[in-house]
file target.cif (mmCIF, C-alpha atoms)
data_structure
#
loop_
_atom_site.label_atom_id
_atom_site.label_comp_id
_atom_site.auth_asym_id
_atom_site.auth_seq_id
_atom_site.Cartn_x
_atom_site.Cartn_y
_atom_site.Cartn_z
CA MET X 221 46.24 15.64 60.50
CA ARG X 222 46.64 17.36 57.15
CA PRO X 223 47.42 16.22 53.59
CA ASN X 224 51.12 15.76 52.87
CA TYR X 225 50.67 18.25 50.09
CA HIS X 226 48.00 20.62 48.88
CA PRO X 227 48.38 20.38 45.11
CA GLY X 228 48.38 23.49 42.98
CA TRP X 229 45.52 22.04 40.97
CA VAL X 230 43.14 22.43 43.92
CA MET X 231 43.09 26.08 42.89
CA ASP X 232 43.04 25.58 39.14
CA ASP X 233 43.90 28.74 37.23
CA ASN X 234 42.86 27.16 33.94
CA ILE X 235 39.22 26.82 34.94
CA ASN X 236 37.11 29.97 34.97
CA MET X 237 35.44 30.00 38.39
CA ASP X 238 33.83 33.43 37.97
CA THR X 239 30.33 32.41 38.96
CA SER X 240 28.97 35.82 39.88
CA SER X 241 26.30 35.59 37.20
CA SER X 242 25.44 31.92 37.61
CA GLU X 243 26.14 30.66 41.12
CA GLU X 244 26.25 32.05 44.63
CA ALA X 245 27.84 30.49 47.69
CA ILE X 246 25.88 28.45 50.20
CA THR X 247 26.25 28.05 53.95
CA GLN X 248 25.05 25.62 56.60
CA LEU X 249 22.15 26.73 58.78
CA TRP X 250 23.88 25.92 62.07
CA HIS X 251 26.52 28.59 61.37
CA SER X 252 23.97 31.20 62.52
CA ASN X 253 24.45 29.84 66.06
CA GLY X 254 28.23 29.99 66.08
CA LYS X 255 31.10 27.62 65.31
CA CYS X 256 33.04 24.87 67.08
CA PRO X 257 36.36 25.60 68.80
CA LYS X 258 39.62 24.29 67.41
CA GLY X 259 40.33 20.71 68.33
CA THR X 260 36.67 19.71 67.98
CA ILE X 261 34.36 18.87 65.09
CA PRO X 262 30.64 19.55 64.64
CA VAL X 263 28.47 16.42 64.57
CA VAL X 264 24.82 16.32 63.54
CA ARG X 265 22.70 15.18 66.49
CA THR X 266 21.30 11.66 66.20
CA LYS X 267 17.69 11.50 67.39
CA ILE X 268 15.75 8.44 68.50
CA LYS X 269 13.39 8.77 65.53
CA ASP X 270 16.37 8.69 63.17
CA VAL X 271 17.46 5.31 64.50
CA LEU X 272 13.90 3.93 64.62
CA SER X 273 13.39 4.83 60.95
CA ALA X 274 16.01 2.23 59.96
CA ASP X 275 15.06 -1.38 59.28
CA SER X 276 17.39 -2.43 62.08
CA ILE X 277 20.13 -1.03 64.30
CA LYS X 278 22.66 -2.80 62.08
CA SER X 279 21.33 -1.09 58.94
CA TYR X 280 21.14 2.40 60.50
CA GLY X 281 23.09 4.91 58.44
CA LYS X 282 23.59 2.54 55.50
CA LYS X 283 22.26 2.37 51.97
CA LYS X 284 19.81 -0.47 51.52
CA SER X 285 20.79 -1.95 48.16
CA PHE X 286 23.23 -1.54 45.29
CA PRO X 287 22.80 2.16 44.46
CA VAL X 288 25.38 2.65 41.72
CA ALA X 289 24.51 2.94 38.05
CA ARG X 290 26.36 0.24 36.11
CA PRO X 291 25.70 1.27 32.51
CA SER X 292 28.59 -0.71 31.05
CA SER X 293 28.18 -3.89 33.08
CA MET X 294 24.51 -4.48 33.76
CA ASN X 295 23.71 -8.07 34.63
CA PRO X 296 20.55 -9.75 35.99
CA GLU X 297 21.86 -9.91 39.56
CA VAL X 298 22.74 -6.22 39.75
CA THR X 299 19.60 -5.17 37.89
CA ASN X 300 17.48 -7.06 40.42
CA VAL X 301 18.98 -5.48 43.53
CA SER X 302 19.04 -1.96 42.05
CA LYS X 303 15.56 -2.09 40.53
CA ASP X 304 14.23 0.71 42.78
CA HIS X 305 17.08 3.08 41.85
CA GLU X 306 16.91 5.39 38.85
CA TYR X 307 19.79 7.45 37.51
CA ALA X 308 20.78 10.23 35.18
CA ILE X 309 24.58 10.27 35.22
CA ALA X 310 27.71 11.10 33.28
CA TYR X 311 30.62 8.71 33.67
CA THR X 312 34.16 8.07 32.52
CA ASN X 313 36.35 4.99 32.88
CA GLY X 314 40.14 4.84 33.20
CA LEU X 315 42.78 5.38 35.88
CA PHE X 316 41.99 8.20 38.33
CA TYR X 317 43.31 9.70 41.54
CA GLY X 318 40.54 12.17 42.28
CA ALA X 319 37.67 14.22 40.90
CA LYS X 320 36.14 17.66 41.11
CA ALA X 321 32.85 19.36 40.22
CA THR X 322 30.55 22.23 41.16
CA PHE X 323 27.03 21.17 42.18
CA ASN X 324 23.92 23.30 41.68
CA VAL X 325 21.78 22.90 44.85
CA TRP X 326 18.00 22.36 44.86
CA ASN X 327 15.32 20.99 47.17
CA PRO X 328 13.42 18.41 45.09
CA TYR X 329 10.07 16.99 46.19
CA VAL X 330 10.28 13.42 47.54
CA GLN X 331 7.00 11.50 47.48
CA GLU X 332 7.54 8.68 49.96
CA HIS X 333 9.22 8.59 53.36
CA ASN X 334 11.54 5.80 52.22
CA GLU X 335 12.56 7.43 48.93
CA PHE X 336 15.30 9.99 48.32
CA SER X 337 16.68 12.30 45.65
CA LEU X 338 20.34 13.26 45.36
CA SER X 339 23.06 14.85 43.27
CA GLN X 340 26.57 13.52 43.81
CA LEU X 341 29.86 12.22 42.49
CA TRP X 342 30.96 8.60 42.79
CA ILE X 343 34.62 7.52 42.78
CA LEU X 344 34.65 3.78 42.06
CA SER X 345 36.82 0.71 41.74
CA GLY X 346 36.03 -2.99 41.78
CA SER X 347 32.74 -4.58 40.78
CA ASP X 348 29.52 -5.92 42.26
CA SER X 349 30.16 -7.46 45.72
CA ASP X 350 33.76 -6.14 45.79
CA LEU X 351 32.84 -2.59 44.77
CA ASN X 352 34.73 0.22 46.54
CA THR X 353 33.12 3.67 46.47
CA ILE X 354 33.73 7.17 47.78
CA GLU X 355 30.70 9.43 47.39
CA ALA X 356 29.78 13.04 48.16
CA GLY X 357 27.05 15.49 47.23
CA TRP X 358 23.66 16.71 48.44
CA GLN X 359 20.51 14.75 49.23
CA VAL X 360 16.88 15.08 50.27
CA ALA X 361 15.89 12.00 52.31
CA PRO X 362 12.78 12.21 54.54
CA GLU X 363 13.87 8.99 56.22
CA ARG X 364 16.75 10.97 57.69
CA GLY X 365 14.32 13.17 59.65
CA ASP X 366 13.13 15.99 57.37
CA THR X 367 12.98 17.23 53.78
CA ASN X 368 15.88 19.67 54.01
CA THR X 369 18.68 19.56 51.45
CA ARG X 370 21.74 18.19 53.22
CA MET X 371 25.38 17.70 52.27
CA PHE X 372 26.43 14.07 52.64
CA ILE X 373 29.28 11.62 52.15
CA TYR X 374 29.29 7.81 51.85
CA TRP X 375 31.71 4.94 51.40
CA THR X 376 31.67 1.15 51.04
CA THR X 377 34.20 -1.57 50.24
CA ASP X 378 31.85 -4.49 49.51
CA GLY X 379 29.11 -3.15 47.26
CA TYR X 380 26.97 -1.79 50.13
CA GLN X 381 26.64 -5.17 51.84
CA THR X 382 28.14 -4.75 55.31
CA THR X 383 30.74 -1.96 55.17
CA GLY X 384 30.41 1.79 55.00
CA CYS X 385 27.82 4.35 55.99
CA TYR X 386 26.53 7.86 55.54
CA ASN X 387 28.49 10.75 57.00
CA LEU X 388 29.94 9.88 60.44
CA LYS X 389 27.45 7.10 61.28
CA CYS X 390 30.27 4.55 61.56
CA SER X 391 34.04 4.44 61.81
CA GLY X 392 35.68 5.29 58.52
CA PHE X 393 35.87 8.91 57.34
CA ILE X 394 38.07 11.00 59.63
CA GLN X 395 36.95 14.61 59.89
CA THR X 396 39.52 17.32 60.54
CA SER X 397 37.48 20.51 60.00
CA ASN X 398 35.71 22.30 62.85
CA GLU X 399 33.67 24.42 60.44
CA ILE X 400 31.55 21.96 58.40
CA ALA X 401 28.94 19.61 59.85
CA ILE X 402 28.66 16.62 57.52
CA GLY X 403 24.97 15.87 57.05
CA ALA X 404 23.78 19.35 58.06
CA SER X 405 21.18 21.40 56.18
CA MET X 406 22.36 23.71 53.40
CA SER X 407 21.14 27.23 52.65
CA PRO X 408 20.11 29.04 50.54
CA ILE X 409 18.56 26.85 47.82
CA SER X 410 18.34 27.59 44.08
CA ARG X 411 15.03 28.98 42.82
CA PHE X 412 13.30 28.35 39.51
CA ASN X 413 14.11 31.33 37.26
CA GLY X 414 15.84 32.88 40.26
CA SER X 415 19.20 32.92 42.02
CA GLN X 416 21.30 29.80 41.59
CA TYR X 417 23.42 28.41 44.42
CA GLY X 418 26.07 25.73 44.51
CA PHE X 419 29.25 24.37 46.02
CA THR X 420 32.40 22.67 44.77
CA ILE X 421 33.63 19.26 45.89
CA ILE X 422 37.22 18.15 45.34
CA ILE X 423 38.40 14.66 46.34
CA TRP X 424 42.01 13.64 45.74
CA LYS X 425 44.38 10.85 46.72
CA ASP X 426 47.43 11.66 48.82
CA ARG X 427 50.02 9.73 46.85
CA LYS X 428 52.30 9.40 49.88
CA THR X 429 49.83 7.89 52.38
CA GLY X 430 47.15 6.65 49.96
CA ASP X 431 44.41 8.47 51.89
CA TRP X 432 41.57 10.16 49.98
CA TRP X 433 41.06 13.79 51.06
CA MET X 434 37.95 15.92 50.57
CA GLN X 435 37.67 19.67 50.24
CA LEU X 436 34.59 21.92 49.95
CA GLY X 437 34.90 25.12 47.99
CA ASP X 438 37.39 26.34 45.46
CA GLY X 439 38.08 29.92 46.48
CA PRO X 440 39.56 31.73 49.48
CA ASP X 441 36.93 30.17 51.78
CA ARG X 442 37.73 26.59 50.72
CA LYS X 443 37.86 24.07 53.56
CA VAL X 444 39.62 20.70 53.78
CA ILE X 445 37.02 18.52 55.54
CA GLY X 446 38.89 15.28 56.26
CA TYR X 447 39.88 11.99 54.68
CA TRP X 448 39.02 8.37 54.02
CA PRO X 449 42.06 6.30 55.18
CA ALA X 450 43.60 4.06 52.52
CA SER X 451 43.29 1.17 54.98
CA LEU X 452 39.50 1.18 54.50
CA PHE X 453 39.75 0.02 50.91
CA SER X 454 40.97 -2.78 48.72
CA TYR X 455 40.77 -1.49 45.13
CA LEU X 456 40.66 2.19 46.06
CA SER X 457 43.81 1.79 48.11
CA GLN X 458 45.57 2.05 44.74
CA SER X 459 43.42 4.15 42.39
CA ALA X 460 39.92 4.53 40.94
CA SER X 461 38.75 2.96 37.70
CA SER X 462 35.57 5.01 37.16
CA VAL X 463 34.08 8.36 38.16
CA GLN X 464 30.40 9.29 37.89
CA TRP X 465 28.48 12.55 38.35
CA GLY X 466 24.73 13.04 38.34
CA GLY X 467 21.44 12.29 40.03
CA GLU X 468 19.73 9.33 41.65
CA VAL X 469 16.26 8.72 43.06
CA ILE X 470 14.47 5.84 44.75
CA ASN X 471 11.25 4.78 43.01
CA ARG X 472 9.07 2.59 45.27
CA ARG X 473 6.20 2.53 42.71
CA SER X 474 3.59 3.18 45.36
CA GLY X 475 0.16 2.09 44.10
CA GLY X 476 1.83 0.52 41.08
CA LEU X 477 2.70 3.93 39.64
CA HIS X 478 6.05 5.57 39.03
CA THR X 479 7.04 7.91 41.86
CA THR X 480 6.57 11.68 41.57
CA THR X 481 9.86 12.16 43.41
CA GLN X 482 11.81 14.81 41.54
CA MET X 483 15.44 14.61 40.47
CA GLY X 484 17.49 17.81 40.51
CA SER X 485 15.13 20.77 40.19
CA GLY X 486 12.24 18.60 39.03
CA TYR X 487 12.58 19.88 35.46
CA PHE X 488 14.09 18.14 32.47
CA PRO X 489 17.62 19.18 31.43
CA GLN X 490 16.40 20.67 28.17
CA GLU X 491 14.96 23.58 30.20
CA GLY X 492 18.51 24.86 30.72
CA PHE X 493 20.08 27.25 33.21
CA GLY X 494 17.91 28.63 35.99
CA LYS X 495 15.35 25.88 35.53
CA ALA X 496 17.21 22.56 35.35
CA SER X 497 19.84 21.31 37.79
CA PHE X 498 23.45 21.26 36.61
CA ILE X 499 26.91 20.02 37.57
CA LYS X 500 29.75 21.99 35.97
CA ASN X 501 33.55 22.13 35.85
CA ILE X 502 33.66 18.33 35.79
CA LEU X 503 37.28 17.20 36.14
CA THR X 504 39.32 14.14 37.06
CA VAL X 505 42.83 13.78 38.48
CA ASN X 506 45.22 11.73 36.34
CA ASP X 507 48.37 9.81 37.29
CA ASN X 508 50.40 13.03 37.02
CA ASN X 509 48.24 14.65 39.72
CA THR X 510 46.82 17.01 37.13
CA LEU X 511 43.21 18.06 36.83
CA THR X 512 41.96 17.20 33.37
CA THR X 513 38.66 17.38 31.52
CA PRO X 514 37.35 13.85 30.81
CA GLN X 515 37.95 12.99 27.16
CA ASN X 516 35.21 10.40 27.00
CA LEU X 517 32.33 11.57 29.16
CA ASN X 518 29.43 9.21 28.53
CA THR X 519 25.87 9.60 29.77
CA TYR X 520 23.34 7.09 31.04
CA THR X 521 19.74 7.37 32.20
CA THR X 522 17.41 4.65 33.47
CA GLN X 523 14.23 6.07 31.89
CA LYS X 524 14.58 9.17 29.72
CA SER X 525 10.86 9.87 29.94
CA CYS X 526 11.14 10.19 33.74
CA TYR X 527 14.62 11.68 34.23
CA ASP X 528 17.06 12.75 31.53
CA ILE X 529 20.57 14.14 31.09
CA VAL X 530 22.46 16.23 28.52
CA ASN X 531 26.15 17.14 28.54
CA GLY X 532 28.37 19.71 26.88
CA ILE X 533 31.49 21.88 27.14
CA ALA X 534 31.63 25.67 27.50
CA ASP X 535 34.48 28.13 28.01
CA ASP X 536 33.28 29.34 31.40
CA TRP X 537 31.77 26.06 32.66
CA GLY X 538 34.21 23.49 31.37
CA SER X 539 32.61 20.07 30.99
CA TYR X 540 29.06 20.11 32.37
CA ILE X 541 25.76 18.28 32.58
CA PHE X 542 22.14 19.31 33.01
CA PHE X 543 20.02 16.52 34.46
CA GLY X 544 16.80 15.69 36.25
CA GLY X 545 13.07 15.46 35.76
CA PRO X 546 9.69 15.28 37.47
CA GLY X 547 9.30 11.53 37.73
CA ARG X 548 5.75 10.43 36.91
CA ASN X 549 4.17 12.27 33.97
CA LYS X 550 2.07 11.32 30.95
CA TYR X 551 5.12 9.77 29.29
CA CYS X 552 6.33 8.13 32.50
CA PRO X 553 3.32 6.32 34.01
#
call {"tool": "encode", "arguments": {"input": "target.cif", "output": "structure tokens"}}
result
Amino acid sequence: MRPNYHPGWVMDDNINMDTSSSEEAITQLWHSNGKCPKGTIPVVRTKIKDVLSADSIKSYGKKKSFPVARPSSMNPEVTNVSKDHEYAIAYTNGLFYGAKATFNVWNPYVQEHNEFSLSQLWILSGSDSDLNTIEAGWQVAPERGDTNTRMFIYWTTDGYQTTGCYNLKCSGFIQTSNEIAIGASMSPISRFNGSQYGFTIIIWKDRKTGDWWMQLGDGPDRKVIGYWPASLFSYLSQSASSVQWGGEVINRRSGGLHTTTQMGSGYFPQEGFGKASFIKNILTVNDNNTLTTPQNLNTYTTQKSCYDIVNGIADDWGSYIFFGGPGRNKYCP
């Protein structure tokens, strides 16, 4: 199955994607061993230890709480269930039919086995227990078997209660590409004061079927990965009401102290290019199926002394954010 159309805005001539001086392409490690034949898809092997690391068989492959930053609608119930999650995000609210961004890729340190650090985009609609999300980005999660940086996707239709999962761990996302293994390790990784690597994610709604399609890349090697069927969702079967980009970590406060789990590169955004993690060419899709720069891109961080975020606009980067931090430090006990 393919999208009913492949909009011209997927290759957007108005955005300067010349990244030769700032970003180099990444690959997946398994590509060194070959590729899958047409008519098949690559699937990351599930090991016994992966399943045993979950709290239960039922919870395997699922997020454990309410991991979405709700800067404009915090309430005691949501704050309680998301208390272990910390964010540094940019967000915009309105009526959307897709989103796009280029993600700088790092391998942050994660202190505890049951913590993680990620960089992603969230496409959202609904609220609290009725929240619908489509999510994609990269993540370091030791609970998933190792500390490699891995590309991931996620979805839910009930605020992470019973529906949805990571990658292909449950029925939902339908993969069509035989070239990308969702959940596989990514390589190479950006280096402090060294080469910077990244990848572009585009998610858009097929206005004929209502399905949400995902593509990796924005150049001649771009790949349509698959789609989330419209039938999965309630609110997102129509459109999205919010889009977020940024970082998230789990803070278990082991020993009563803030975690040393890093977000992004592990450096604060004020360090800038080559040191801090960034997301650039941040765009949304409006009701005319046109990629546009968000007019009101707000920022939110849980604890600025632990993880922070700054945003801006540049000719060659479009709308962008730098974000991240080291976690525990003398200002973040």
call {"tool": "atom_distance", "arguments": {"input": "target.cif", "atom1": "atom CA of X:Leu503", "atom2": "atom CA of X:Ala321"}}
result
6.4 Å
call {"tool": "closest_residue", "arguments": {"input": "target.cif", "among": "X:Ser454, X:Gln248, X:Gln359, X:Ser461", "to": "X:Ser345", "atoms": "only C-alpha atoms"}}
result
X:Ser461
call {"tool": "closest_residue", "arguments": {"input": "target.cif", "among": "X:Ser539, X:Thr510, X:Gln482, X:Gln381", "to": "X:Gly467", "atoms": "only C-alpha atoms"}}
result
X:Gln482
call {"tool": "atom_distance", "arguments": {"input": "target.cif", "atom1": "atom CA of X:Pro449", "atom2": "atom CA of X:Lys320"}}
result
19.0 Å
call {"tool": "closest_residue", "arguments": {"input": "target.cif", "among": "X:Ile409, X:Leu351, X:Leu477, X:Val360", "to": "X:Tyr455", "atoms": "only C-alpha atoms"}}
result
X:Leu351
call {"tool": "atom_distance", "arguments": {"input": "target.cif", "atom1": "atom CA of X:Asn506", "atom2": "atom CA of X:Gly318"}}
result
7.6 Å
call {"tool": "axis_aligned_box", "arguments": {"input": "target.cif", "around": "stretch 488-503 of chain X", "padding_each_side": "3 Å", "output": "JSON"}}
result
{"center_x": 25.7, "center_y": 22.9, "center_z": 33.0, "size_x": 29.2, "size_y": 17.4, "size_z": 15.6}
call {"tool": "resolve_selection", "arguments": {"input": "target.cif", "expression": "the PyMOL selection byres ((chain X and resi 442) around 10)", "output": "ChimeraX atom specification"}}
result
/X:230-231,419-421,435-441,443-445
call {"tool": "residues_around", "arguments": {"input": "target.cif", "residues": "stretch 326-337 of chain X", "least_positions_apart": "3", "cutoff": "8 Å", "atoms": "only C-alpha atoms", "output": "ChimeraX atom specification"}}
result
/X:359-363,367-369,409-411,467-472,479-486,497
call {"tool": "closest_residue", "arguments": {"input": "target.cif", "among": "X:Phe372, X:Gln395, X:Ser339, X:Ser462", "to": "X:Gly544", "atoms": "only C-alpha atoms"}}
result
X:Ser339
call {"tool": "resolve_selection", "arguments": {"input": "target.cif", "expression": "the PyMOL selection byres ((chain X and resi 430) around 12)", "output": "VMD selection string"}}
result
chain X and resid 223 to 224 317 to 318 424 to 429 431 to 433 447 to 460
call {"tool": "closest_residue", "arguments": {"input": "target.cif", "among": "X:Asn518, X:Gly446, X:His478, X:Phe542", "to": "X:Gln490", "atoms": "all atoms listed in the file"}}
result
X:Phe542
call {"tool": "resolve_selection", "arguments": {"input": "target.cif", "expression": "the PyMOL selection byres ((chain X and resi 464) around 12)", "output": "PyMOL selection string"}}
result
chain X and resi 288-291+307-314+316+318-321+339-345+353-357+460-463+465-468+499+502-504+514+516-520+541
call {"tool": "closest_atom_pairs", "arguments": {"input": "target.cif", "of": "stretch 370-417 of chain X", "to": "stretch 250-266 of chain X", "cutoff": "12 Å", "atoms": "all atoms listed in the file", "output": "tab-separated table"}}
result
residue	atom	partner	partner_atom	distance
X:Arg370	CA	X:Val264	CA	10.9
X:Met371	CA	X:Val264	CA	11.4
X:Phe372	CA	X:Val264	CA	11.2
X:Tyr386	CA	X:Val264	CA	11.8
X:Asn387	CA	X:Val264	CA	9.3
X:Leu388	CA	X:Val263	CA	7.9
X:Lys389	CA	X:Thr266	CA	9.1
X:Ile394	CA	X:Ile261	CA	10.3
X:Gln395	CA	X:Ile261	CA	7.2
X:Thr396	CA	X:Ile261	CA	7.1
X:Ser397	CA	X:Ile261	CA	6.2
X:Asn398	CA	X:Ile261	CA	4.3
X:Glu399	CA	X:Lys255	CA	6.4
X:Ile400	CA	X:Pro262	CA	6.8
X:Ala401	CA	X:Pro262	CA	5.1
X:Ile402	CA	X:Val263	CA	7.1
X:Gly403	CA	X:Val264	CA	6.5
X:Ala404	CA	X:Val264	CA	6.3
X:Ser405	CA	X:Trp250	CA	7.9
X:Met406	CA	X:Trp250	CA	9.1
X:Ser407	CA	X:Trp250	CA	9.9
call {"tool": "decode", "arguments": {"input": "target.cif", "residues": "stretch 406-420 of chain X", "atoms": "N, CA, C and O atoms", "output": "PDB file, in the first residue's frame"}}
result
ATOM      1  N   MET X 406      21.143   3.145  15.397  1.00  0.00           N
ATOM      2  CA  MET X 406      21.490   4.142  14.394  1.00  0.00           C
ATOM      3  C   MET X 406      22.985   4.425  14.468  1.00  0.00           C
ATOM      4  O   MET X 406      23.606   4.385  15.533  1.00  0.00           O
ATOM      5  N   SER X 407      23.568   4.744  13.319  1.00  0.00           N
ATOM      6  CA  SER X 407      24.997   5.043  13.258  1.00  0.00           C
ATOM      7  C   SER X 407      25.276   5.900  12.030  1.00  0.00           C
ATOM      8  O   SER X 407      24.588   5.750  11.012  1.00  0.00           O
ATOM      9  N   PRO X 408      26.286   6.799  12.124  1.00  0.00           N
ATOM     10  CA  PRO X 408      27.089   7.148  13.296  1.00  0.00           C
ATOM     11  C   PRO X 408      26.350   8.137  14.203  1.00  0.00           C
ATOM     12  O   PRO X 408      25.255   8.580  13.874  1.00  0.00           O
ATOM     13  N   ILE X 409      26.993   8.481  15.331  1.00  0.00           N
ATOM     14  CA  ILE X 409      26.419   9.362  16.332  1.00  0.00           C
ATOM     15  C   ILE X 409      27.219  10.663  16.371  1.00  0.00           C
ATOM     16  O   ILE X 409      28.437  10.664  16.180  1.00  0.00           O
ATOM     17  N   SER X 410      26.540  11.779  16.623  1.00  0.00           N
ATOM     18  CA  SER X 410      27.214  13.075  16.717  1.00  0.00           C
ATOM     19  C   SER X 410      28.258  13.066  17.836  1.00  0.00           C
ATOM     20  O   SER X 410      28.095  12.398  18.858  1.00  0.00           O
ATOM     21  N   ARG X 411      29.326  13.840  17.621  1.00  0.00           N
ATOM     22  CA  ARG X 411      30.404  13.950  18.591  1.00  0.00           C
ATOM     23  C   ARG X 411      30.549  15.389  19.062  1.00  0.00           C
ATOM     24  O   ARG X 411      30.395  16.326  18.267  1.00  0.00           O
ATOM     25  N   PHE X 412      30.871  15.540  20.340  1.00  0.00           N
ATOM     26  CA  PHE X 412      31.069  16.874  20.903  1.00  0.00           C
ATOM     27  C   PHE X 412      32.208  17.569  20.178  1.00  0.00           C
ATOM     28  O   PHE X 412      33.321  17.040  20.081  1.00  0.00           O
ATOM     29  N   ASN X 413      31.939  18.760  19.630  1.00  0.00           N
ATOM     30  CA  ASN X 413      32.910  19.516  18.842  1.00  0.00           C
ATOM     31  C   ASN X 413      33.397  18.753  17.617  1.00  0.00           C
ATOM     32  O   ASN X 413      34.477  19.012  17.098  1.00  0.00           O
ATOM     33  N   GLY X 414      32.589  17.783  17.171  1.00  0.00           N
ATOM     34  CA  GLY X 414      32.962  16.986  16.008  1.00  0.00           C
ATOM     35  C   GLY X 414      31.855  16.947  14.974  1.00  0.00           C
ATOM     36  O   GLY X 414      31.010  17.849  14.907  1.00  0.00           O
ATOM     37  N   SER X 415      31.853  15.910  14.159  1.00  0.00           N
ATOM     38  CA  SER X 415      30.836  15.768  13.112  1.00  0.00           C
ATOM     39  C   SER X 415      29.453  15.629  13.728  1.00  0.00           C
ATOM     40  O   SER X 415      29.278  14.990  14.765  1.00  0.00           O
ATOM     41  N   GLN X 416      28.481  16.238  13.078  1.00  0.00           N
ATOM     42  CA  GLN X 416      27.095  16.201  13.542  1.00  0.00           C
ATOM     43  C   GLN X 416      26.267  15.384  12.555  1.00  0.00           C
ATOM     44  O   GLN X 416      26.374  15.559  11.348  1.00  0.00           O
ATOM     45  N   TYR X 417      25.433  14.488  13.097  1.00  0.00           N
ATOM     46  CA  TYR X 417      24.621  13.601  12.283  1.00  0.00           C
ATOM     47  C   TYR X 417      23.149  13.761  12.645  1.00  0.00           C
ATOM     48  O   TYR X 417      22.809  14.104  13.787  1.00  0.00           O
ATOM     49  N   GLY X 418      22.289  13.492  11.671  1.00  0.00           N
ATOM     50  CA  GLY X 418      20.870  13.649  11.931  1.00  0.00           C
ATOM     51  C   GLY X 418      20.018  13.025  10.848  1.00  0.00           C
ATOM     52  O   GLY X 418      20.526  12.527   9.844  1.00  0.00           O
ATOM     53  N   PHE X 419      18.716  13.045  11.070  1.00  0.00           N
ATOM     54  CA  PHE X 419      17.782  12.510  10.092  1.00  0.00           C
ATOM     55  C   PHE X 419      16.486  13.306  10.175  1.00  0.00           C
ATOM     56  O   PHE X 419      16.157  13.896  11.205  1.00  0.00           O
ATOM     57  N   THR X 420      15.750  13.305   9.086  1.00  0.00           N
ATOM     58  CA  THR X 420      14.499  14.055   8.988  1.00  0.00           C
ATOM     59  C   THR X 420      13.304  13.110   9.091  1.00  0.00           C
ATOM     60  O   THR X 420      13.295  12.032   8.493  1.00  0.00           O
TER      61      THR X 420
END
